[in-house]
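Have a look at the structure below, then the notes.
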Amino acid sequence: MTASVFAVPVFFVVFRETIETVIVVSVLLAFLKQTLDGPQRDVKTYKKLVKQVWLGAILGLLICLIVGAGIIAVFYTKGRDAWTHTEYYWEGSFALVAAIIIGILGAALLRVSKLQDKWRVKLALALESQPVTSSGKRGAFKRFCEKYCMFFVPFITVVREGLEAIVFIAGVSFSSPATAVPLAVVVGLIAGCAIGYILYKGGASSKLQIFLVVSTCLLYLVAAGLFSRSVWYFEAQDWNNAVGSDAAELGAGAGSYDIDRSVWHVNFGNPELNGGGGWGIFNAILGWTNSATYGSVISYNLYWLCVILGFLAMRYKEVKGHWPLRKAKEEKDALSSGSPSLAGSGVFEKQHEEKKTVEAVTTVPARTISE
Amino acid sequence: MAISLSFFPIISTLLLVLSKVTEAANGTVVYDFNIGWVTSNPDGAFERTTIGINGEWPLPIIRATVGDQVIVNVKNDLGNQTTTLHFHGLFMNGTTEMDGPAQVSQCGIPPGSSFTYNFTVNQPGTYWYHSHDKGQYPDGLRAPLIITDPDFPYADQMDEEIVLSLSDWYHDQMQVWIPKFINKANPTGAEPVPQAALMNDTQNLTVPVQPGKTYLFRVVNIGAFAGQYLWFEGHNMTIVEVDGVYTDPAEAELIYIAAAQRYSFMVTTKNETSVNYAIVSSMDTSLFDTIPDGLNWNVTGWLVYNDTKDKPEPALVDEFDDFDDFTLTPYDKMALLPEPDQVVSLDVIMDNLGNGKPYAFFGNVTYVSQKVPTLYTVMSTGENASNPTVYGEFSHPFVLEHNQIVEIVVNNLDTGKHPFHLHGHNFQAIARSDEDAGVFDSTNSTQTTYPAIPMRRDTFVLKPAGYIVLRFQADNPGVWLFHCHIEWHVDQGLIATMVEAPLELQKTLTIPQNHFDACAAGGVPYTGNAAGNTVDVLDLSGANVAPKPLPAGFTPRGIVAMTFSALAALLGLATIVWYGLADMGAATMRSEEKRIAAMNHETTDITPVGGSVNSESDEARRR
């Protein structure tokens, strides 16, 4: 039977987690390729940042393999799944961090599309070489995060998705023939990576601005879903604690959710059950859930609201030279004040170089489209 | 510790004296019961607050002889709970108002009030009495009730009688358990698992026996939940009575006694006294969703032939091969009742309602107590009493005509066992499927080949995902509940109400004033339809109803939320696209110009184009 060779739920879980990861990784890689790899580009920095991305992904994989091995060891020795008692706290935390980082990074990426090519390279380089100093601990921490965001984003994404997949596979292989697992895992990985590669190829060869707009949209869809799900996970853990078992084991029907928090609940399309099938992928990309709570719906909308307001504010600043609701300072100051960077405006805007006299003013293209 | 002999005649007599029993010459037995809280610790593991009678627990056995009038004067001294007494298995023919279920045939007796039960017993055998209010009896208010029969058919085969009660035991009160059990955080409706099993309300019971004698054991499962497997090591049982119905003698090694069931069987002792034998009662763990660590689901007692000898630990049993009560033949050989005039078909379903809590249903109705006790509605609605509407949808009423033959078909759509009990009658158990047999099909002749002399009893086990078919004649006007005798399921609403010959009742019945007084004292209405409406009894507005069902799929709320979310996402995406495709903006362009100028200056100043890493770090360091 196919069931003993190919565990469909395992495939879907691996596929889903892989897709989520590769979207992030391939968008980053494609971005770097477009920005830094080409004529008059800095190969050294490009390679360095690409290395960061891969390092993040690989280290994340390594960590989740180690932790996963630990979990499985506990799982088999203690005979019960220690992870599942707090599983959703972990998932919720990872999802929250990922949503915030992707939110900031996305704005930064998009902003880059407007900068002139030369300047883009410069910024990347500057970021690369910036010493970790400056104003206070918070500044240092911020700088640190900014500098290594190419590392952290894939790292956190991989850890989260990887752990989830491992725990699920451990659970499945506990109850179904272990022979059904490997093929499903491999096929899931291949399918996910293939999609990632297509995304990367498509991204790397299309016009930078279009690519950035499209990929940012995709990133924000994922991030809004992650944000919503992080709230959902916390609530689900709360419910599991109340019920005293993994409520997901109750299936999709009554009792698998807290009726008092429910906004809608349909008994199909549970993304947490047996990998969720197509719904799981729907969940990974759009944050679908069959059991929406007030928390998850409000947080989803709130996330988009923040994104919209953030971009409006950025646009406002681009046109007016200062943040909304702030006094327009003297132009010079406004630009040199190192204004607190809102989501995304920060990463590539670091310089305080305006002290110098403006000499030759070259023409700045109103917008930059990569060649 | 072990209270040996607690139900032996002498001590029983003593207990009877203690509970102020007076047996008048005319065959009247009077009990004065002050029901109040006491503490007890029958399993030696936990001292708990328990409901006692006249300050004592275990409770006295009620004893009477066939034909006696029994009067039980109840005074509720609980202080914080109403109570009632139900005399399980007694037909109460002509006295349905004495049957006991709160809000069915009486109002719960409020704290401080008194209430008199007055009835005549015409049935011999083994019964029990217990509270029928608020799931209360597992708090201790339950004990055997024995009706002695001067014409007992096996009298010449037995020497002595021994009453044996079996029970599960909880350490917390029902009013603590029920809110935890019927709770949205218990969506599967997992019933609380008992903390212990008891035998005659104790453990390690010793039953002194003499060699070469025949004892009649009257066994009652007075538990709340667990069925009990019972066996006597080294001895067989000869069953002669179930639930007050004498049977042809049937040999058994091991019997299964569901909650509320009774068996009488004869055990003949051995002729030598060198060894004592274990009596084991083992709770049916298949009913438990989990088996907590440390739970001992067995309770052991001993047939003690010789006090100086060991009381051996019972041997382990691999498998319970229990006696099938369906195979019993009633001693009176009452033939199969004719084809029914009315069939009541009930599907057992466990499900959750809109508040997320687990309930039990017959079909799509879960029982909810009505504002006016159903019997009082019968008495105060005139001609409309034969219209089920007046009893309220959620009392799940079935109006039966006088003397018609009624068939109850129960299909178990649940995966648990359910011991079903009918008040006011014995029923003929004419069919019982195996587990997983599915739903009864009355057109399938293999399912409708009934025994010519079916066994009768008042509590009958329905197997998981199977069915049972029961028949009885509606010859006992009254209001009778049909319910699962697992007390948790009663709390969840697995109850239907049989309103039998209501117009007949109106003609013959008078409710004693002190019953109405109990209602008045508790502020419970006692006239009108289920909603307490005395003007238009067909207007049930205000009647007690079950919570609404769970919403199916997308409600308007969900659609609004989904729409908003989709809209928010689309707006967000539009903003991203708009921002991403927009020009650089005047301010940024100006600053950009400056930056590039500065950069050009810088790069030409320090290093050639391309060798930027060093220059940048230099610059950074400079700052």
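By order in the structure tokens, chains are A, B, ...; within a chain, residues start at 1; ligands start at 1, following the order shown.
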
Counting only C-alpha atoms, what is within 12 Å of Gly44 of chain B, bar same-chain residues fewer than 6 positions away, as number ranges by chain?
-> B: 1-2, 169, 171, 195-198, 201-204

Selected residues written out, N, CA and C atoms, as a PDB file, in the first residue's frame:
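Done, and the output landed in result-v3.pdb:
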```pdb
ATOM      1  N   MET B   1     -11.885   1.027  59.534  1.00  0.00           N
ATOM      2  CA  MET B   1     -11.504   0.052  58.497  1.00  0.00           C
ATOM      3  C   MET B   1     -12.685  -0.827  58.122  1.00  0.00           C
ATOM      4  N   ALA B   2     -12.407  -2.083  57.937  1.00  0.00           N
ATOM      5  CA  ALA B   2     -13.464  -2.957  57.429  1.00  0.00           C
ATOM      6  C   ALA B   2     -14.607  -3.066  58.428  1.00  0.00           C
ATOM      7  N   TRP B 169     -16.498   5.643  44.099  1.00  0.00           N
ATOM      8  CA  TRP B 169     -16.413   6.658  45.147  1.00  0.00           C
ATOM      9  C   TRP B 169     -15.532   7.822  44.692  1.00  0.00           C
ATOM     10  N   HIS B 171     -13.847  11.700  45.711  1.00  0.00           N
ATOM     11  CA  HIS B 171     -13.391  12.464  46.870  1.00  0.00           C
ATOM     12  C   HIS B 171     -13.947  13.881  46.896  1.00  0.00           C
ATOM     13  N   GLN B 195     -12.311   7.785  42.448  1.00  0.00           N
ATOM     14  CA  GLN B 195     -11.040   7.619  43.159  1.00  0.00           C
ATOM     15  C   GLN B 195     -10.914   6.235  43.794  1.00  0.00           C
ATOM     16  N   ALA B 196     -12.034   5.563  43.953  1.00  0.00           N
ATOM     17  CA  ALA B 196     -11.965   4.254  44.608  1.00  0.00           C
ATOM     18  C   ALA B 196     -13.237   3.467  44.325  1.00  0.00           C
ATOM     19  N   ALA B 197     -13.171   2.190  44.634  1.00  0.00           N
ATOM     20  CA  ALA B 197     -14.366   1.344  44.592  1.00  0.00           C
ATOM     21  C   ALA B 197     -14.665   0.897  46.017  1.00  0.00           C
ATOM     22  N   LEU B 198     -15.935   0.744  46.305  1.00  0.00           N
ATOM     23  CA  LEU B 198     -16.339   0.359  47.659  1.00  0.00           C
ATOM     24  C   LEU B 198     -17.231  -0.880  47.611  1.00  0.00           C
ATOM     25  N   ASP B 201     -19.840   0.085  51.260  1.00  0.00           N
ATOM     26  CA  ASP B 201     -19.307   1.376  51.667  1.00  0.00           C
ATOM     27  C   ASP B 201     -18.033   1.277  52.487  1.00  0.00           C
ATOM     28  N   THR B 202     -17.233   0.264  52.179  1.00  0.00           N
ATOM     29  CA  THR B 202     -15.926   0.161  52.822  1.00  0.00           C
ATOM     30  C   THR B 202     -15.022  -0.654  51.892  1.00  0.00           C
ATOM     31  N   GLN B 203     -13.803  -0.902  52.360  1.00  0.00           N
ATOM     32  CA  GLN B 203     -12.915  -1.778  51.601  1.00  0.00           C
ATOM     33  C   GLN B 203     -12.431  -2.886  52.534  1.00  0.00           C
ATOM     34  N   ASN B 204     -11.942  -3.972  51.955  1.00  0.00           N
ATOM     35  CA  ASN B 204     -11.473  -5.130  52.725  1.00  0.00           C
ATOM     36  C   ASN B 204     -12.572  -5.675  53.638  1.00  0.00           C
TER      37      ASN B 204
END
```

Backbone-only DSSP, alpha helix (DSSP H) members of segment 382-602 of chain B, as a PyMOL selection string | chain B and resi 487-492+502-508+513-522+556-581+586-602

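In this structure, atom CA of Pro525 of chain B sits 29.7 Å away from atom CA of Ala224 of chain B.
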
Residue neighbourhood Glu233 of chain B, 10 Å, only C-alpha atoms, exclusion window fewer than 3 positions, as a ChimeraX atom specification | /B:230,236,253-254,276-280,302-303,314-315

Write out as a VMD selection string which residues come within 7 Å of Thr269 of chain B when counting only C-alpha atoms, dropping same-chain ones fewer than 3 positions away.
-> chain B and resid 211 to 214

Counting only C-alpha atoms, figure out which residue out of B:Ser386, B:Thr188, B:Gln173, B:Gln106 gets nearest to chain A.
->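 Result for the nearest residue to chain A: B:Thr188.
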
Selection: 9 Å around Val469 of chain B, only C-alpha atoms, excl. self and same-chain fewer than 5 positions, as a PyMOL selection string = chain B and resi 407-411+428-432+440

Do you know which residues are at most 8 Å from segment 499-503 of chain B counting only C-alpha atoms, after dropping those on the same chain fewer than 5 positions away, and could you put them as a PyMOL selection string?
-> chain B and resi 378-379+382-383+385-386+397-402+474+476-480

Prev. selection, C-alpha atoms, output as a compact mmCIF listing (two decimals), in the first residue's frame:
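Resulting contents of out-v5.txt:
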```txt
# COMPACT_ATOMS: atom_id res chain seq x y z
CA VAL B 378 -50.27 17.02 34.16
CA MET B 379 -52.52 17.90 37.08
CA GLY B 382 -56.82 19.78 31.94
CA GLU B 383 -57.48 18.26 28.53
CA ALA B 385 -52.32 17.28 29.41
CA SER B 386 -52.41 14.81 26.55
CA PRO B 397 -41.97 14.26 26.63
CA PHE B 398 -43.75 11.23 25.16
CA VAL B 399 -47.42 10.93 26.03
CA LEU B 400 -48.48 7.28 26.34
CA GLU B 401 -52.06 6.13 26.33
CA HIS B 402 -53.35 4.00 29.11
CA ALA B 474 -48.47 1.43 29.92
CA ASN B 476 -49.13 2.50 35.41
CA PRO B 477 -50.43 6.05 35.02
CA GLY B 478 -47.74 8.49 36.03
CA VAL B 479 -44.79 10.54 34.93
CA TRP B 480 -41.80 8.29 34.44
```

Would you list, as JSON, numbers by chain, the residues of segment 32-136 of chain B that end up in strand (DSSP E) under DSSP run on this structure's backbone?
-> {"B": [32, 33, 34, 35, 36, 37, 38, 39, 40, 48, 49, 50, 51, 52, 53, 62, 63, 64, 65, 69, 70, 71, 72, 73, 74, 75, 76, 86, 87, 88, 114, 115, 116, 117, 118, 119, 120, 125, 126, 127, 128, 129, 130]}

Using only C-alpha atoms, determine which residues lie at most 9 Å from segment 291-305 of chain A, disregarding the query and same-chain residues fewer than 6 positions distant; provide the list as an MDAnalysis selection string.
-> (chainID A and resid 220 223:233 235 252 256:267 270) or (chainID B and resid 558 561:562 564:569 571:573)

Preceding selection exported with C-alpha atoms as a tab-separated table (two decimals), in the first residue's frame:
```tsv
chain	number	residue	atom	x	y	z
A	220	TYR	CA	3.91	40.86	3.80
A	223	ALA	CA	4.20	38.09	7.64
A	224	ALA	CA	0.61	39.14	8.30
A	225	GLY	CA	-0.32	35.48	8.39
A	226	LEU	CA	2.55	34.78	10.76
A	227	PHE	CA	1.55	37.62	13.04
A	228	SER	CA	-2.03	36.46	13.14
A	229	ARG	CA	-0.93	32.91	13.71
A	230	SER	CA	1.37	33.86	16.55
A	231	VAL	CA	-1.63	35.25	18.38
A	232	TRP	CA	-3.59	32.18	17.36
A	233	TYR	CA	-0.85	29.90	18.67
A	235	GLU	CA	-4.54	31.30	22.31
A	252	ALA	CA	-11.65	19.75	13.67
A	256	SER	CA	-10.96	21.67	19.24
A	257	TYR	CA	-11.39	25.37	19.89
A	258	ASP	CA	-12.64	27.80	22.49
A	259	ILE	CA	-16.12	28.79	21.45
A	260	ASP	CA	-16.00	32.04	23.40
A	261	ARG	CA	-13.08	33.32	21.36
A	262	SER	CA	-14.26	31.98	18.05
A	263	VAL	CA	-15.12	34.26	15.18
A	264	TRP	CA	-15.65	31.50	12.73
A	265	HIS	CA	-15.06	27.81	12.82
A	266	VAL	CA	-15.50	25.41	9.96
A	267	ASN	CA	-14.86	21.73	10.31
A	270	ASN	CA	-7.76	22.60	9.58
B	558	GLY	CA	-17.30	35.17	10.49
B	561	ALA	CA	-14.35	39.18	9.84
B	562	MET	CA	-13.23	37.35	6.72
B	564	PHE	CA	-12.44	42.75	6.66
B	565	SER	CA	-9.33	40.63	6.71
B	566	ALA	CA	-9.36	40.22	2.95
B	567	LEU	CA	-9.99	43.92	2.51
B	568	ALA	CA	-7.18	44.80	4.88
B	569	ALA	CA	-4.82	42.54	2.99
B	571	LEU	CA	-5.51	47.55	0.90
B	572	GLY	CA	-2.14	46.68	2.36
B	573	LEU	CA	-0.97	45.17	-0.90
```

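Proximity ranking of B:Gly189, B:Pro330, B:Gly125, B:Gly542 relative to chain A places B:Gly189 first, based on only C-alpha atoms.
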
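Among the candidates A:Thr45, A:Thr216, A:Thr21, A:Thr35, the one nearest to Gly103 of chain A when counting only C-alpha atoms is A:Thr216.
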